[in-house]
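Since the structure comes first, as structure tokens, the remarks are kept for the end.
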Amino acid sequence: MGIFNKFSFIFLVIFLALFANAEVQRHRFVIQATKVKRLCKTHNIITVNGMFPGPTLEIKNGDTLEVQVVNKARYNVTIHWHGVRQMRTGWAYGPDFVTRCPIRLGGSCTYRFTVQGQEGTLWWHAHSSWLRATVYGALESFSVTNTNDYDDQSEMEATRTGAAPNVSDAYTINAQSGDLYKCSSKETTIVPIDSGETNLRVINAALNQPLFFKVANHKLTVVGADASYTKPFTTSVLMLGPGQTTDVLIQGDQPPSRHYMAARAYQSAQNAPFDNTTTTAILEYKFASCAAKKCNGPTPIMPSLPAYNGTNTVTAFSQSFRSREKAEVPTDIDESLFFTIGLGLNNCPPNL
């Protein structure tokens, strides 16, 4: 009995030490309609706290998040905490009519959960109809985001027909389309960089479009994906599916200059319409003379992106991921499953 008491005491001290620095972080999300000007027009979109993208939440591993969500928009809504392992808090997962009823106009809901054993980049987004096109933000555990341009009219159309979203008019990086779209150059996102190594968090927040991402004249070292560390590997291009996140290191080893960061669609399905435009941001060295004076510098260098149907590039990138440690997985296949996937391009037969 004496030995057991000593063991219990030691275990308790270690357990308490692990969570001594954990905090409860409280936030308030107000879902509301917000006017934004993009591509020469003013759009009415749904946002959190009037921000697009929404607030970035920065937490420590072991922290508890308590987020009150108040719905002042005309659509039902829930919030999904993408990639968070909901340990004993599955009701906070988010998809409407799956783990909870949606929050109606004028209603509110408080999500409370703890992030444990995850470090890196996660994100949150609406999980009702197509609202996640504009209701989203980063969740960083210790952005550059790509998303479809979308407005309130598109949400009404999706609600009325139940169809796939319309082909987008533009992609964005941190909510700005970039120099290659009309009426967009003045608001192009500028990403400052020092000489040396910089961490870049990349989230594909697009509705349903895989995207290539590349930075001119720079290599990217992938060190994590979906808040899990990976065996580092270096690549010139990323390919992220919708909802995927990547932590990369970028070496600031170029002379004072400006370089485009660019993203475009990866689309291999035949006869499926998609947005074949390119969004850009500018990677700008802080010690460049123009950066210091906030003037118009020389035209940034454009990266050479893969072809929109560059499956070989996608395969090479995907096969580069490795666990930092050997993972024991079953090797004997005892069940075979057959999956079918539809694109929603064909009209339903009459009377169905």
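In the structure tokens, chains take letters A, B, ... by order of appearance, with residues numbered from 1 within each chain and ligands from 1 in the order shown.
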(message) At a cut-off of 8 Å, using only C-alpha atoms, what residues contact segment 185-201 of chain A? Leave out same-chain residues fewer than 2 positions from it and give the result as a ChimeraX atom specification.
(response) /A:121,143-144,173-174,176-183,203,245-254,280-287
(request) Check segment 164-276 of chain A with DSSP on the backbone and list each residue it calls strand (DSSP E or B), as an MDAnalysis selection string. (result) chainID A and resid 171:173 176 190:193 196:204 211:215 220:225 228:235 237:240 245:252 258:265
(message) From the options A:Asp332, A:Gln209, A:Thr78, A:Ala216, which residue's atoms come nearest to Gly107 of chain A, counting only C-alpha atoms?
(response) A:Thr78
(message) So that I can check the surroundings of Lys72 of chain A, please list as a list in words every protein, DNA and RNA residue that reaches within 8 Å of it, counting only C-alpha atoms and ignoring chain neighbours fewer than 2 positions away.
(response) Val30, Ile31, Gln32, Ala33, Val70, Arg74, Leu105, Gly106 and Gly107 of chain A
Non-local contacts of segment 52-63 of chain A (9 Å; only C-alpha atoms; under 4 positions in same chain excluded) as a PDB file with N, CA, C and O atoms, in the first residue's frame:
ATOM      1  N   LEU A  18       2.143  18.665 -16.513  1.00  0.00           N
ATOM      2  CA  LEU A  18       1.871  18.710 -17.939  1.00  0.00           C
ATOM      3  C   LEU A  18       0.836  19.775 -18.285  1.00  0.00           C
ATOM      4  O   LEU A  18       0.866  20.378 -19.360  1.00  0.00           O
ATOM      5  N   PHE A  19      -0.131  20.003 -17.381  1.00  0.00           N
ATOM      6  CA  PHE A  19      -1.223  20.912 -17.676  1.00  0.00           C
ATOM      7  C   PHE A  19      -1.149  22.214 -16.875  1.00  0.00           C
ATOM      8  O   PHE A  19      -2.076  22.991 -16.878  1.00  0.00           O
ATOM      9  N   ASN A  21       0.510  24.858 -17.466  1.00  0.00           N
ATOM     10  CA  ASN A  21       0.533  26.047 -18.296  1.00  0.00           C
ATOM     11  C   ASN A  21      -0.672  26.141 -19.232  1.00  0.00           C
ATOM     12  O   ASN A  21      -0.759  27.058 -20.047  1.00  0.00           O
ATOM     13  N   ALA A  22      -1.579  25.169 -19.169  1.00  0.00           N
ATOM     14  CA  ALA A  22      -2.768  25.204 -20.026  1.00  0.00           C
ATOM     15  C   ALA A  22      -3.700  26.320 -19.589  1.00  0.00           C
ATOM     16  O   ALA A  22      -3.809  26.635 -18.408  1.00  0.00           O
ATOM     17  N   GLU A  23      -4.373  26.935 -20.556  1.00  0.00           N
ATOM     18  CA  GLU A  23      -5.280  28.038 -20.284  1.00  0.00           C
ATOM     19  C   GLU A  23      -6.647  27.765 -20.914  1.00  0.00           C
ATOM     20  O   GLU A  23      -6.776  26.935 -21.817  1.00  0.00           O
ATOM     21  N   VAL A  24      -7.646  28.485 -20.417  1.00  0.00           N
ATOM     22  CA  VAL A  24      -8.957  28.505 -21.057  1.00  0.00           C
ATOM     23  C   VAL A  24      -9.057  29.818 -21.823  1.00  0.00           C
ATOM     24  O   VAL A  24      -8.999  30.898 -21.231  1.00  0.00           O
ATOM     25  N   GLN A  25      -9.164  29.724 -23.139  1.00  0.00           N
ATOM     26  CA  GLN A  25      -9.269  30.917 -23.977  1.00  0.00           C
ATOM     27  C   GLN A  25     -10.722  31.104 -24.406  1.00  0.00           C
ATOM     28  O   GLN A  25     -11.345  30.183 -24.925  1.00  0.00           O
ATOM     29  N   HIS A  27     -13.597  33.276 -26.621  1.00  0.00           N
ATOM     30  CA  HIS A  27     -13.797  34.135 -27.789  1.00  0.00           C
ATOM     31  C   HIS A  27     -15.293  34.237 -28.091  1.00  0.00           C
ATOM     32  O   HIS A  27     -16.078  33.386 -27.676  1.00  0.00           O
ATOM     33  N   PHE A  29     -17.813  34.800 -31.458  1.00  0.00           N
ATOM     34  CA  PHE A  29     -17.995  34.883 -32.898  1.00  0.00           C
ATOM     35  C   PHE A  29     -19.414  35.392 -33.188  1.00  0.00           C
ATOM     36  O   PHE A  29     -20.383  34.789 -32.749  1.00  0.00           O
ATOM     37  N   THR A  34     -21.803  41.116 -44.251  1.00  0.00           N
ATOM     38  CA  THR A  34     -20.799  42.173 -44.371  1.00  0.00           C
ATOM     39  C   THR A  34     -20.605  42.507 -45.845  1.00  0.00           C
ATOM     40  O   THR A  34     -20.534  41.609 -46.688  1.00  0.00           O
ATOM     41  N   VAL A  36     -18.311  43.648 -48.894  1.00  0.00           N
ATOM     42  CA  VAL A  36     -16.910  43.736 -49.304  1.00  0.00           C
ATOM     43  C   VAL A  36     -16.870  44.052 -50.796  1.00  0.00           C
ATOM     44  O   VAL A  36     -17.780  43.666 -51.545  1.00  0.00           O
ATOM     45  N   ILE A  46     -21.280  36.579 -45.863  1.00  0.00           N
ATOM     46  CA  ILE A  46     -21.452  36.244 -44.452  1.00  0.00           C
ATOM     47  C   ILE A  46     -20.070  36.081 -43.832  1.00  0.00           C
ATOM     48  O   ILE A  46     -19.202  35.401 -44.394  1.00  0.00           O
ATOM     49  N   THR A  47     -19.849  36.725 -42.686  1.00  0.00           N
ATOM     50  CA  THR A  47     -18.532  36.723 -42.046  1.00  0.00           C
ATOM     51  C   THR A  47     -18.666  36.461 -40.554  1.00  0.00           C
ATOM     52  O   THR A  47     -19.764  36.420 -40.005  1.00  0.00           O
ATOM     53  N   VAL A  48     -17.533  36.330 -39.908  1.00  0.00           N
ATOM     54  CA  VAL A  48     -17.456  36.312 -38.445  1.00  0.00           C
ATOM     55  C   VAL A  48     -16.849  37.628 -37.990  1.00  0.00           C
ATOM     56  O   VAL A  48     -15.765  38.018 -38.439  1.00  0.00           O
ATOM     57  N   PHE A 113     -13.920  22.871 -25.944  1.00  0.00           N
ATOM     58  CA  PHE A 113     -13.138  21.656 -26.170  1.00  0.00           C
ATOM     59  C   PHE A 113     -11.664  21.963 -25.918  1.00  0.00           C
ATOM     60  O   PHE A 113     -11.247  23.129 -25.872  1.00  0.00           O
ATOM     61  N   THR A 114     -10.882  20.916 -25.746  1.00  0.00           N
ATOM     62  CA  THR A 114      -9.446  21.041 -25.471  1.00  0.00           C
ATOM     63  C   THR A 114      -8.655  20.469 -26.637  1.00  0.00           C
ATOM     64  O   THR A 114      -8.987  19.396 -27.161  1.00  0.00           O
ATOM     65  N   VAL A 115      -7.630  21.189 -27.056  1.00  0.00           N
ATOM     66  CA  VAL A 115      -6.742  20.721 -28.117  1.00  0.00           C
ATOM     67  C   VAL A 115      -5.544  20.053 -27.460  1.00  0.00           C
ATOM     68  O   VAL A 115      -4.748  20.699 -26.773  1.00  0.00           O
ATOM     69  N   GLN A 116      -5.416  18.753 -27.670  1.00  0.00           N
ATOM     70  CA  GLN A 116      -4.361  17.974 -27.019  1.00  0.00           C
ATOM     71  C   GLN A 116      -3.564  17.193 -28.060  1.00  0.00           C
ATOM     72  O   GLN A 116      -4.136  16.603 -28.971  1.00  0.00           O
ATOM     73  N   GLY A 117      -2.245  17.198 -27.917  1.00  0.00           N
ATOM     74  CA  GLY A 117      -1.383  16.380 -28.768  1.00  0.00           C
ATOM     75  C   GLY A 117      -1.329  16.833 -30.211  1.00  0.00           C
ATOM     76  O   GLY A 117      -0.976  16.044 -31.094  1.00  0.00           O
ATOM     77  N   GLN A 118      -1.663  18.091 -30.482  1.00  0.00           N
ATOM     78  CA  GLN A 118      -1.615  18.616 -31.843  1.00  0.00           C
ATOM     79  C   GLN A 118      -0.876  19.945 -31.860  1.00  0.00           C
ATOM     80  O   GLN A 118      -1.196  20.847 -31.091  1.00  0.00           O
ATOM     81  N   GLU A 119       0.094  20.049 -32.742  1.00  0.00           N
ATOM     82  CA  GLU A 119       0.859  21.285 -32.876  1.00  0.00           C
ATOM     83  C   GLU A 119       1.013  21.597 -34.358  1.00  0.00           C
ATOM     84  O   GLU A 119       1.384  20.738 -35.145  1.00  0.00           O
ATOM     85  N   TRP A 123      -7.771  24.752 -38.715  1.00  0.00           N
ATOM     86  CA  TRP A 123      -8.626  25.894 -39.047  1.00  0.00           C
ATOM     87  C   TRP A 123     -10.057  25.583 -38.653  1.00  0.00           C
ATOM     88  O   TRP A 123     -10.374  24.460 -38.275  1.00  0.00           O
ATOM     89  N   HIS A 125     -14.331  26.526 -39.694  1.00  0.00           N
ATOM     90  CA  HIS A 125     -15.176  27.048 -40.756  1.00  0.00           C
ATOM     91  C   HIS A 125     -16.630  26.678 -40.501  1.00  0.00           C
ATOM     92  O   HIS A 125     -16.935  25.765 -39.724  1.00  0.00           O
ATOM     93  N   THR A 134     -16.956  31.748 -46.991  1.00  0.00           N
ATOM     94  CA  THR A 134     -16.482  33.017 -46.427  1.00  0.00           C
ATOM     95  C   THR A 134     -16.404  33.000 -44.904  1.00  0.00           C
ATOM     96  O   THR A 134     -15.795  33.901 -44.317  1.00  0.00           O
ATOM     97  N   VAL A 135     -17.004  32.014 -44.266  1.00  0.00           N
ATOM     98  CA  VAL A 135     -16.963  31.931 -42.797  1.00  0.00           C
ATOM     99  C   VAL A 135     -15.887  30.936 -42.404  1.00  0.00           C
ATOM    100  O   VAL A 135     -16.121  29.727 -42.333  1.00  0.00           O
ATOM    101  N   TYR A 136     -14.687  31.440 -42.193  1.00  0.00           N
ATOM    102  CA  TYR A 136     -13.571  30.557 -41.839  1.00  0.00           C
ATOM    103  C   TYR A 136     -12.417  31.382 -41.271  1.00  0.00           C
ATOM    104  O   TYR A 136     -12.361  32.605 -41.432  1.00  0.00           O
ATOM    105  N   GLY A 137     -11.491  30.697 -40.625  1.00  0.00           N
ATOM    106  CA  GLY A 137     -10.292  31.344 -40.099  1.00  0.00           C
ATOM    107  C   GLY A 137      -9.299  30.300 -39.643  1.00  0.00           C
ATOM    108  O   GLY A 137      -9.600  29.102 -39.575  1.00  0.00           O
ATOM    109  N   ALA A 138      -8.098  30.732 -39.311  1.00  0.00           N
ATOM    110  CA  ALA A 138      -7.025  29.818 -38.924  1.00  0.00           C
ATOM    111  C   ALA A 138      -7.080  29.522 -37.426  1.00  0.00           C
ATOM    112  O   ALA A 138      -7.517  30.351 -36.618  1.00  0.00           O
ATOM    113  N   LEU A 139      -6.627  28.331 -37.072  1.00  0.00           N
ATOM    114  CA  LEU A 139      -6.469  27.913 -35.683  1.00  0.00           C
ATOM    115  C   LEU A 139      -5.052  27.385 -35.550  1.00  0.00           C
ATOM    116  O   LEU A 139      -4.725  26.315 -36.074  1.00  0.00           O
ATOM    117  N   GLU A 140      -4.197  28.160 -34.903  1.00  0.00           N
ATOM    118  CA  GLU A 140      -2.778  27.831 -34.835  1.00  0.00           C
ATOM    119  C   GLU A 140      -2.429  27.322 -33.447  1.00  0.00           C
ATOM    120  O   GLU A 140      -2.619  28.016 -32.455  1.00  0.00           O
ATOM    121  N   SER A 141      -1.917  26.118 -33.396  1.00  0.00           N
ATOM    122  CA  SER A 141      -1.498  25.515 -32.136  1.00  0.00           C
ATOM    123  C   SER A 141       0.006  25.482 -32.084  1.00  0.00           C
ATOM    124  O   SER A 141       0.662  24.811 -32.874  1.00  0.00           O
ATOM    125  N   PHE A 142       0.634  26.073 -30.967  1.00  0.00           N
ATOM    126  CA  PHE A 142       2.068  26.038 -30.630  1.00  0.00           C
ATOM    127  C   PHE A 142       2.616  25.065 -29.579  1.00  0.00           C
ATOM    128  O   PHE A 142       2.052  24.546 -28.846  1.00  0.00           O
ATOM    129  N   SER A 143      -2.642  33.737 -42.284  1.00  0.00           N
ATOM    130  CA  SER A 143      -2.594  32.564 -42.920  1.00  0.00           C
ATOM    131  C   SER A 143      -2.518  32.867 -44.215  1.00  0.00           C
ATOM    132  O   SER A 143      -2.706  33.896 -44.557  1.00  0.00           O
ATOM    133  N   THR A 145      -4.304  31.851 -46.908  1.00  0.00           N
ATOM    134  CA  THR A 145      -5.437  30.997 -47.246  1.00  0.00           C
ATOM    135  C   THR A 145      -5.830  31.170 -48.698  1.00  0.00           C
ATOM    136  O   THR A 145      -5.683  32.243 -49.267  1.00  0.00           O
ATOM    137  N   ASN A 174      -5.430  35.223 -48.617  1.00  0.00           N
ATOM    138  CA  ASN A 174      -5.792  36.127 -47.520  1.00  0.00           C
ATOM    139  C   ASN A 174      -6.868  37.118 -47.961  1.00  0.00           C
ATOM    140  O   ASN A 174      -6.789  38.324 -47.696  1.00  0.00           O
ATOM    141  N   ALA A 175      -7.880  36.572 -48.650  1.00  0.00           N
ATOM    142  CA  ALA A 175      -9.090  37.308 -49.048  1.00  0.00           C
ATOM    143  C   ALA A 175      -8.879  38.301 -50.178  1.00  0.00           C
ATOM    144  O   ALA A 175      -9.805  39.020 -50.536  1.00  0.00           O
TER     145      ALA A 175
END
(request) Would you please work out which residue, of A:Ser184, A:Thr315, A:Thr278, A:Asn271, is nearest to Tyr171 of chain A when using only C-alpha atoms? (result)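 Nearest candidate to Tyr171 of chain A out of A:Ser184, A:Thr315, A:Thr278, A:Asn271: A:Thr278.
Picture a line from atom CA of Leu211 of chain A to atom CA of Pro303 of chain A; it runs 14.6 Å.
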(request) List every residue of segment 112-316 of chain A that DSSP, applied to the backbone, labels as helix (DSSP H, G or I), and write the result as a ChimeraX atom specification. (result) /A:131-133,152-161,185-187,289-293,311-316
Suppose we keep C-alpha atoms; can you now write the selection as a PDB file, in the first residue's frame?
ATOM      1  CA  LEU A 131     -21.303  29.198 -45.878  1.00  0.00           C
ATOM      2  CA  ARG A 132     -17.743  27.997 -45.312  1.00  0.00           C
ATOM      3  CA  ALA A 133     -16.808  29.849 -48.513  1.00  0.00           C
ATOM      4  CA  ASP A 152     -24.689  35.929 -50.406  1.00  0.00           C
ATOM      5  CA  GLN A 153     -26.494  35.403 -53.725  1.00  0.00           C
ATOM      6  CA  SER A 154     -24.593  32.154 -54.260  1.00  0.00           C
ATOM      7  CA  GLU A 155     -25.725  30.944 -50.834  1.00  0.00           C
ATOM      8  CA  MET A 156     -29.356  31.616 -51.672  1.00  0.00           C
ATOM      9  CA  GLU A 157     -28.972  29.712 -54.947  1.00  0.00           C
ATOM     10  CA  ALA A 158     -27.387  26.749 -53.165  1.00  0.00           C
ATOM     11  CA  THR A 159     -30.187  26.698 -50.612  1.00  0.00           C
ATOM     12  CA  ARG A 160     -32.849  26.840 -53.333  1.00  0.00           C
ATOM     13  CA  THR A 161     -31.457  24.149 -55.660  1.00  0.00           C
ATOM     14  CA  SER A 185      -3.959  45.218 -57.722  1.00  0.00           C
ATOM     15  CA  LYS A 186      -4.116  47.885 -54.999  1.00  0.00           C
ATOM     16  CA  GLU A 187      -5.282  45.353 -52.396  1.00  0.00           C
ATOM     17  CA  SER A 289      14.432  49.657 -50.587  1.00  0.00           C
ATOM     18  CA  CYS A 290      10.865  49.810 -51.866  1.00  0.00           C
ATOM     19  CA  ALA A 291       9.469  47.927 -48.884  1.00  0.00           C
ATOM     20  CA  ALA A 292      10.954  50.531 -46.551  1.00  0.00           C
ATOM     21  CA  LYS A 293       9.425  53.405 -48.534  1.00  0.00           C
ATOM     22  CA  THR A 311      -1.327  14.660 -61.998  1.00  0.00           C
ATOM     23  CA  ASN A 312       2.339  13.592 -62.065  1.00  0.00           C
ATOM     24  CA  THR A 313       3.225  16.648 -59.969  1.00  0.00           C
ATOM     25  CA  VAL A 314       0.431  15.835 -57.524  1.00  0.00           C
ATOM     26  CA  THR A 315       1.551  12.216 -57.221  1.00  0.00           C
ATOM     27  CA  ALA A 316       5.181  13.191 -56.604  1.00  0.00           C
TER      28      ALA A 316
END
(message) Please report the interatomic distance between atom CA of Val215 of chain A and atom CA of Pro300 of chain A in Å with one decimal.
(response) 10.8 Å
